[in-house]
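> Before anything else, here's the structure in question.
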Amino acid sequence: MRIQAPAAAAVANQADSLLHITLNQAYHKGWSSPDCGLTRGEQGNLVANCPIHTLQAKPVDLVFFDPVSDLGMRVSLHAIRATAAALLVFALLSAIPRRRAVASPAADLP
C-alpha cells in the first residue's frame with residue numbers, strides 16, 4: 001500500500017510534526033513501514049503516524065507480511081500444481097486405447 005501527500009499539501013510549521021492517517025484496514029502485527037509508525041486505532045483500524053516532511057518528499061510504503069498466510073499461499077500453489085499434474089496424467093491415460101481380447105481365427109479350426 002502506498003501513501004502520498006497531495007501536491008497542494010500545505011507545509012507544516014513544525015519540521016517534526018506527524019500526520020495521523022487512519023486507514024479502512026484492520027490492524028495486524030504483520031504491517032510494517034520503514035518511514036511511518038503503525039498502531040491500532042480505537043476501532044481496530046490501522047493508523048499510520050508519518051512525519052509530514054517524509055510524506056511531502058516521497059510516497060510512503062506500507063507492507064504486509066504474515067508467515068502463516070505466506071505458508072498457506074505456498075501450500076495452495078503446490079496443491080494446484082499437483083492437481084493439474086494428476087488431471088493431465090488421467091487425461092493421457094484415458095486417451096490410451098484399451099486392449100480387448102480378440103478371438104484368434106486359428107482357434108476356430110478343427
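By convention in this document, the chains of the C-alpha cells carry letters A, B, ... by their order, each chain's residues are numbered from 1, and ligands are numbered from 1 in the order they are shown.
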Tell me which protein, DNA and RNA residues are within 7 Å of Gln4 (chain A), counting only C-alpha atoms, leaving out same-chain ones fewer than 2 positions away, and put them as a list in words.
Arg2, Pro6, Leu55, Lys58, Pro59 and Val60 of chain A
> Deliver the residues from the most recent selection as a file, using N, CA and C atoms, as a PDB file, in the first residue's frame.

ATOM      1  N   ARG A   2       0.548   2.222  -0.772  1.00  0.00           N
ATOM      2  CA  ARG A   2       1.381   3.413  -0.883  1.00  0.00           C
ATOM      3  C   ARG A   2       0.574   4.638  -0.480  1.00  0.00           C
ATOM      4  N   PRO A   6      -1.004  14.912  -1.081  1.00  0.00           N
ATOM      5  CA  PRO A   6      -1.438  15.621  -2.294  1.00  0.00           C
ATOM      6  C   PRO A   6      -0.434  16.701  -2.683  1.00  0.00           C
ATOM      7  N   LEU A  55       6.292  12.524   3.980  1.00  0.00           N
ATOM      8  CA  LEU A  55       5.190  12.403   3.027  1.00  0.00           C
ATOM      9  C   LEU A  55       5.305  13.414   1.899  1.00  0.00           C
ATOM     10  N   LYS A  58       8.327  12.072  -0.531  1.00  0.00           N
ATOM     11  CA  LYS A  58       8.176  10.852  -1.327  1.00  0.00           C
ATOM     12  C   LYS A  58       6.963  10.070  -0.842  1.00  0.00           C
ATOM     13  N   PRO A  59       6.474   9.158  -1.667  1.00  0.00           N
ATOM     14  CA  PRO A  59       5.396   8.268  -1.200  1.00  0.00           C
ATOM     15  C   PRO A  59       5.930   7.325  -0.126  1.00  0.00           C
ATOM     16  N   VAL A  60       5.059   6.961   0.794  1.00  0.00           N
ATOM     17  CA  VAL A  60       5.419   6.067   1.889  1.00  0.00           C
ATOM     18  C   VAL A  60       4.762   4.718   1.636  1.00  0.00           C
TER      19      VAL A  60
END
> Using the chain letters and numbers from this document, which residues of chain A does DSSP assign to strand (DSSP E), as JSON, numbers by chain?
{"A": [2, 3, 18, 19, 20, 21, 22, 23, 24, 25, 26, 31, 32, 37, 38, 39, 40, 45, 46, 47, 48, 49, 50, 51, 60, 61, 63, 64]}
> Would you compute the distance between CA of Gly44 (chain A) and CA of Lys29 (chain A)? Give it in Å to one decimal.
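Separation of CA of Gly44 (chain A) and CA of Lys29 (chain A): 11.7 Å.
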> So which bits of chain A end up alpha helix (DSSP H) when you DSSP the backbone, as a PyMOL selection string?
chain A and resi 52-57+67-95
> Write the residues of the preceding selection, restricted to N, CA, C and O atoms, as a short mmCIF file (atom, residue, chain, number, x, y, z; two decimals), in the first residue's frame.

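File part.cif, as written:
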data_model
loop_
_atom_site.label_atom_id
_atom_site.label_comp_id
_atom_site.auth_asym_id
_atom_site.auth_seq_id
_atom_site.Cartn_x
_atom_site.Cartn_y
_atom_site.Cartn_z
N ILE A 52 5.42 14.54 8.43
CA ILE A 52 4.89 15.30 7.29
C ILE A 52 5.98 15.53 6.24
O ILE A 52 5.73 15.40 5.04
N HIS A 53 7.19 15.83 6.68
CA HIS A 53 8.27 16.10 5.70
C HIS A 53 8.57 14.85 4.85
O HIS A 53 8.94 14.96 3.69
N THR A 54 8.41 13.66 5.42
CA THR A 54 8.63 12.44 4.65
C THR A 54 7.55 12.26 3.59
O THR A 54 7.83 11.93 2.44
N LEU A 55 6.29 12.52 3.98
CA LEU A 55 5.19 12.40 3.03
C LEU A 55 5.31 13.41 1.90
O LEU A 55 4.91 13.13 0.77
N GLN A 56 5.80 14.59 2.20
CA GLN A 56 5.95 15.60 1.16
C GLN A 56 7.12 15.29 0.23
O GLN A 56 7.11 15.68 -0.93
N ALA A 57 8.11 14.57 0.73
CA ALA A 57 9.29 14.27 -0.08
C ALA A 57 9.09 13.08 -1.00
O ALA A 57 9.60 13.06 -2.12
N PRO A 67 3.65 -14.74 8.07
CA PRO A 67 4.24 -16.03 7.71
C PRO A 67 3.20 -17.14 7.55
O PRO A 67 3.37 -18.00 6.69
N VAL A 68 2.11 -17.11 8.32
CA VAL A 68 1.09 -18.15 8.19
C VAL A 68 0.36 -18.00 6.85
O VAL A 68 0.12 -18.98 6.14
N SER A 69 0.03 -16.77 6.47
CA SER A 69 -0.61 -16.53 5.18
C SER A 69 0.32 -16.93 4.03
O SER A 69 -0.12 -17.49 3.03
N ASP A 70 1.60 -16.63 4.19
CA ASP A 70 2.57 -16.98 3.15
C ASP A 70 2.67 -18.50 3.00
O ASP A 70 2.70 -19.02 1.88
N LEU A 71 2.69 -19.22 4.12
CA LEU A 71 2.72 -20.68 4.07
C LEU A 71 1.46 -21.23 3.40
O LEU A 71 1.52 -22.12 2.56
N GLY A 72 0.30 -20.68 3.77
CA GLY A 72 -0.95 -21.11 3.15
C GLY A 72 -0.95 -20.89 1.64
O GLY A 72 -1.45 -21.74 0.88
N MET A 73 -0.41 -19.77 1.20
CA MET A 73 -0.34 -19.50 -0.24
C MET A 73 0.56 -20.52 -0.93
O MET A 73 0.21 -21.05 -1.99
N ARG A 74 1.72 -20.81 -0.33
CA ARG A 74 2.63 -21.78 -0.95
C ARG A 74 2.02 -23.17 -1.00
O ARG A 74 2.15 -23.88 -2.00
N VAL A 75 1.32 -23.58 0.06
CA VAL A 75 0.66 -24.89 0.06
C VAL A 75 -0.41 -24.94 -1.02
O VAL A 75 -0.54 -25.92 -1.75
N SER A 76 -1.19 -23.87 -1.15
CA SER A 76 -2.24 -23.81 -2.18
C SER A 76 -1.64 -23.91 -3.58
O SER A 76 -2.19 -24.61 -4.44
N LEU A 77 -0.54 -23.22 -3.82
CA LEU A 77 0.09 -23.27 -5.14
C LEU A 77 0.60 -24.68 -5.46
O LEU A 77 0.45 -25.17 -6.58
N HIS A 78 1.19 -25.35 -4.48
CA HIS A 78 1.67 -26.72 -4.69
C HIS A 78 0.49 -27.67 -4.93
O HIS A 78 0.57 -28.58 -5.76
N ALA A 79 -0.61 -27.46 -4.21
CA ALA A 79 -1.79 -28.30 -4.38
C ALA A 79 -2.39 -28.12 -5.78
O ALA A 79 -2.81 -29.09 -6.42
N ILE A 80 -2.40 -26.89 -6.27
CA ILE A 80 -2.92 -26.63 -7.62
C ILE A 80 -2.04 -27.32 -8.66
O ILE A 80 -2.54 -27.95 -9.60
N ARG A 81 -0.73 -27.23 -8.49
CA ARG A 81 0.18 -27.89 -9.44
C ARG A 81 0.01 -29.41 -9.40
O ARG A 81 0.00 -30.07 -10.45
N ALA A 82 -0.10 -29.98 -8.21
CA ALA A 82 -0.26 -31.43 -8.08
C ALA A 82 -1.59 -31.88 -8.69
O ALA A 82 -1.65 -32.91 -9.38
N THR A 83 -2.65 -31.12 -8.47
CA THR A 83 -3.96 -31.46 -9.05
C THR A 83 -3.91 -31.37 -10.57
O THR A 83 -4.44 -32.26 -11.26
N ALA A 84 -3.29 -30.34 -11.10
CA ALA A 84 -3.18 -30.20 -12.55
C ALA A 84 -2.37 -31.35 -13.15
O ALA A 84 -2.74 -31.90 -14.20
N ALA A 85 -1.29 -31.73 -12.48
CA ALA A 85 -0.48 -32.85 -12.99
C ALA A 85 -1.26 -34.15 -12.95
O ALA A 85 -1.21 -34.94 -13.90
N ALA A 86 -2.02 -34.39 -11.87
CA ALA A 86 -2.82 -35.61 -11.77
C ALA A 86 -3.90 -35.64 -12.85
O ALA A 86 -4.14 -36.68 -13.48
N LEU A 87 -4.55 -34.52 -13.09
CA LEU A 87 -5.58 -34.46 -14.14
C LEU A 87 -4.97 -34.71 -15.52
O LEU A 87 -5.57 -35.40 -16.36
N LEU A 88 -3.77 -34.20 -15.76
CA LEU A 88 -3.10 -34.42 -17.04
C LEU A 88 -2.76 -35.90 -17.21
O LEU A 88 -2.97 -36.47 -18.29
N VAL A 89 -2.26 -36.53 -16.16
CA VAL A 89 -1.94 -37.96 -16.23
C VAL A 89 -3.20 -38.78 -16.50
O VAL A 89 -3.21 -39.67 -17.35
N PHE A 90 -4.29 -38.48 -15.80
CA PHE A 90 -5.54 -39.21 -16.02
C PHE A 90 -6.08 -38.99 -17.43
O PHE A 90 -6.59 -39.91 -18.06
N ALA A 91 -5.94 -37.78 -17.95
CA ALA A 91 -6.40 -37.49 -19.31
C ALA A 91 -5.57 -38.27 -20.32
O ALA A 91 -6.12 -38.84 -21.28
N LEU A 92 -4.26 -38.33 -20.10
CA LEU A 92 -3.41 -39.08 -21.03
C LEU A 92 -3.69 -40.58 -20.94
O LEU A 92 -3.69 -41.29 -21.95
N LEU A 93 -3.92 -41.07 -19.72
CA LEU A 93 -4.22 -42.49 -19.57
C LEU A 93 -5.56 -42.86 -20.20
O LEU A 93 -5.71 -43.95 -20.76
N SER A 94 -6.51 -41.95 -20.16
CA SER A 94 -7.81 -42.25 -20.76
C SER A 94 -7.74 -42.21 -22.29
O SER A 94 -8.59 -42.78 -22.96
N ALA A 95 -6.74 -41.56 -22.84
CA ALA A 95 -6.58 -41.49 -24.29
C ALA A 95 -5.95 -42.75 -24.86
O ALA A 95 -6.03 -43.00 -26.06
#
> In Å, rounded to a single decimal, give me how far CA of Arg40 (chain A) is from CA of Ala26 (chain A).
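Those two atoms sit 8.3 Å apart.
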> For a quick check of understanding, using only C-alpha atoms, which of A:Leu18, A:Leu46, A:Pro97, A:Ala5 has the smallest distance to Ser32 (chain A)?
A:Leu46
> Set the distance at 12 Å and use only C-alpha atoms: which residues neighbour Gln43 (chain A) once local chain neighbours fewer than 2 positions away are removed? I'd like the list as a VMD selection string.
chain A and resid 22 to 27 39 to 41 45 to 47
> Please, could you write that set of residues out with all heavy atoms as a short mmCIF file (atom, residue, chain, number, x, y, z; two decimals), in the first residue's frame?

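Result file is part_17.cif:
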data_model
loop_
_atom_site.label_atom_id
_atom_site.label_comp_id
_atom_site.auth_asym_id
_atom_site.auth_seq_id
_atom_site.Cartn_x
_atom_site.Cartn_y
_atom_site.Cartn_z
N THR A 22 -5.73 7.40 9.50
CA THR A 22 -6.50 6.20 9.85
C THR A 22 -6.99 5.57 8.57
O THR A 22 -7.68 6.20 7.76
CB THR A 22 -7.69 6.57 10.76
OG1 THR A 22 -7.20 7.21 11.93
CG2 THR A 22 -8.46 5.31 11.15
N LEU A 23 -6.62 4.33 8.37
CA LEU A 23 -6.96 3.61 7.13
C LEU A 23 -8.15 2.68 7.37
O LEU A 23 -8.36 2.19 8.47
CB LEU A 23 -5.75 2.80 6.65
CG LEU A 23 -4.50 3.64 6.39
CD1 LEU A 23 -3.29 2.76 6.29
CD2 LEU A 23 -4.68 4.45 5.14
N ASN A 24 -8.89 2.43 6.33
CA ASN A 24 -10.01 1.49 6.40
C ASN A 24 -9.45 0.08 6.18
O ASN A 24 -9.80 -0.62 5.24
CB ASN A 24 -11.06 1.83 5.35
CG ASN A 24 -12.33 1.04 5.55
OD1 ASN A 24 -12.56 0.49 6.62
ND2 ASN A 24 -13.14 0.97 4.52
N GLN A 25 -8.54 -0.29 7.06
CA GLN A 25 -7.86 -1.57 7.00
C GLN A 25 -7.66 -2.04 8.44
O GLN A 25 -7.25 -1.26 9.29
CB GLN A 25 -6.50 -1.41 6.31
CG GLN A 25 -5.59 -2.60 6.37
CD GLN A 25 -6.15 -3.77 5.59
OE1 GLN A 25 -6.59 -3.62 4.47
NE2 GLN A 25 -6.16 -4.94 6.20
N ALA A 26 -7.98 -3.30 8.69
CA ALA A 26 -7.80 -3.83 10.04
C ALA A 26 -6.32 -3.86 10.41
O ALA A 26 -5.47 -4.18 9.59
CB ALA A 26 -8.40 -5.22 10.14
N TYR A 27 -6.04 -3.52 11.66
CA TYR A 27 -4.66 -3.58 12.15
C TYR A 27 -4.24 -5.03 12.31
O TYR A 27 -5.02 -5.89 12.72
CB TYR A 27 -4.53 -2.86 13.49
CG TYR A 27 -3.15 -3.01 14.08
CD1 TYR A 27 -2.13 -2.19 13.65
CD2 TYR A 27 -2.87 -4.00 15.02
CE1 TYR A 27 -0.85 -2.33 14.17
CE2 TYR A 27 -1.60 -4.14 15.54
CZ TYR A 27 -0.59 -3.31 15.11
OH TYR A 27 0.67 -3.46 15.61
N THR A 39 0.13 1.81 14.26
CA THR A 39 -0.52 1.46 15.51
C THR A 39 -1.96 1.04 15.24
O THR A 39 -2.47 1.20 14.13
CB THR A 39 -0.53 2.66 16.49
OG1 THR A 39 -1.22 3.76 15.86
CG2 THR A 39 0.87 3.07 16.87
N ARG A 40 -2.60 0.51 16.29
CA ARG A 40 -4.00 0.12 16.22
C ARG A 40 -4.85 1.32 16.63
O ARG A 40 -4.61 1.93 17.67
CB ARG A 40 -4.27 -1.05 17.16
CG ARG A 40 -5.71 -1.53 17.17
CD ARG A 40 -5.95 -2.58 18.24
NE ARG A 40 -5.06 -3.72 18.11
CZ ARG A 40 -5.37 -4.84 17.44
NH1 ARG A 40 -6.54 -4.96 16.87
NH2 ARG A 40 -4.52 -5.83 17.39
N GLY A 41 -5.86 1.64 15.82
CA GLY A 41 -6.77 2.73 16.13
C GLY A 41 -7.80 2.31 17.16
O GLY A 41 -7.86 1.16 17.59
N ASN A 45 -8.70 -0.21 13.54
CA ASN A 45 -8.15 0.11 12.22
C ASN A 45 -6.65 0.35 12.28
O ASN A 45 -6.10 0.64 13.34
CB ASN A 45 -8.81 1.36 11.65
CG ASN A 45 -10.24 1.14 11.25
OD1 ASN A 45 -10.85 0.15 11.63
ND2 ASN A 45 -10.79 2.05 10.49
N LEU A 46 -6.02 0.26 11.13
CA LEU A 46 -4.60 0.55 11.01
C LEU A 46 -4.42 2.06 10.96
O LEU A 46 -5.09 2.75 10.19
CB LEU A 46 -4.05 -0.09 9.73
CG LEU A 46 -2.59 0.15 9.39
CD1 LEU A 46 -1.69 -0.47 10.45
CD2 LEU A 46 -2.28 -0.44 8.03
N VAL A 47 -3.52 2.58 11.80
CA VAL A 47 -3.23 4.01 11.83
C VAL A 47 -1.74 4.19 11.51
O VAL A 47 -0.88 3.60 12.16
CB VAL A 47 -3.55 4.63 13.20
CG1 VAL A 47 -3.17 6.11 13.23
CG2 VAL A 47 -5.03 4.46 13.53
#
> Counting only C-alpha atoms, which of A:Gly37, A:Val63, A:Ile3, A:Trp31 gets nearest to Cys50 (chain A)?
A:Gly37
> What's the separation between CA of Glu42 (chain A) and CA of Gly30 (chain A), in Å to one decimal place?
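Rounded to one decimal, the two atoms are 18.4 Å apart.
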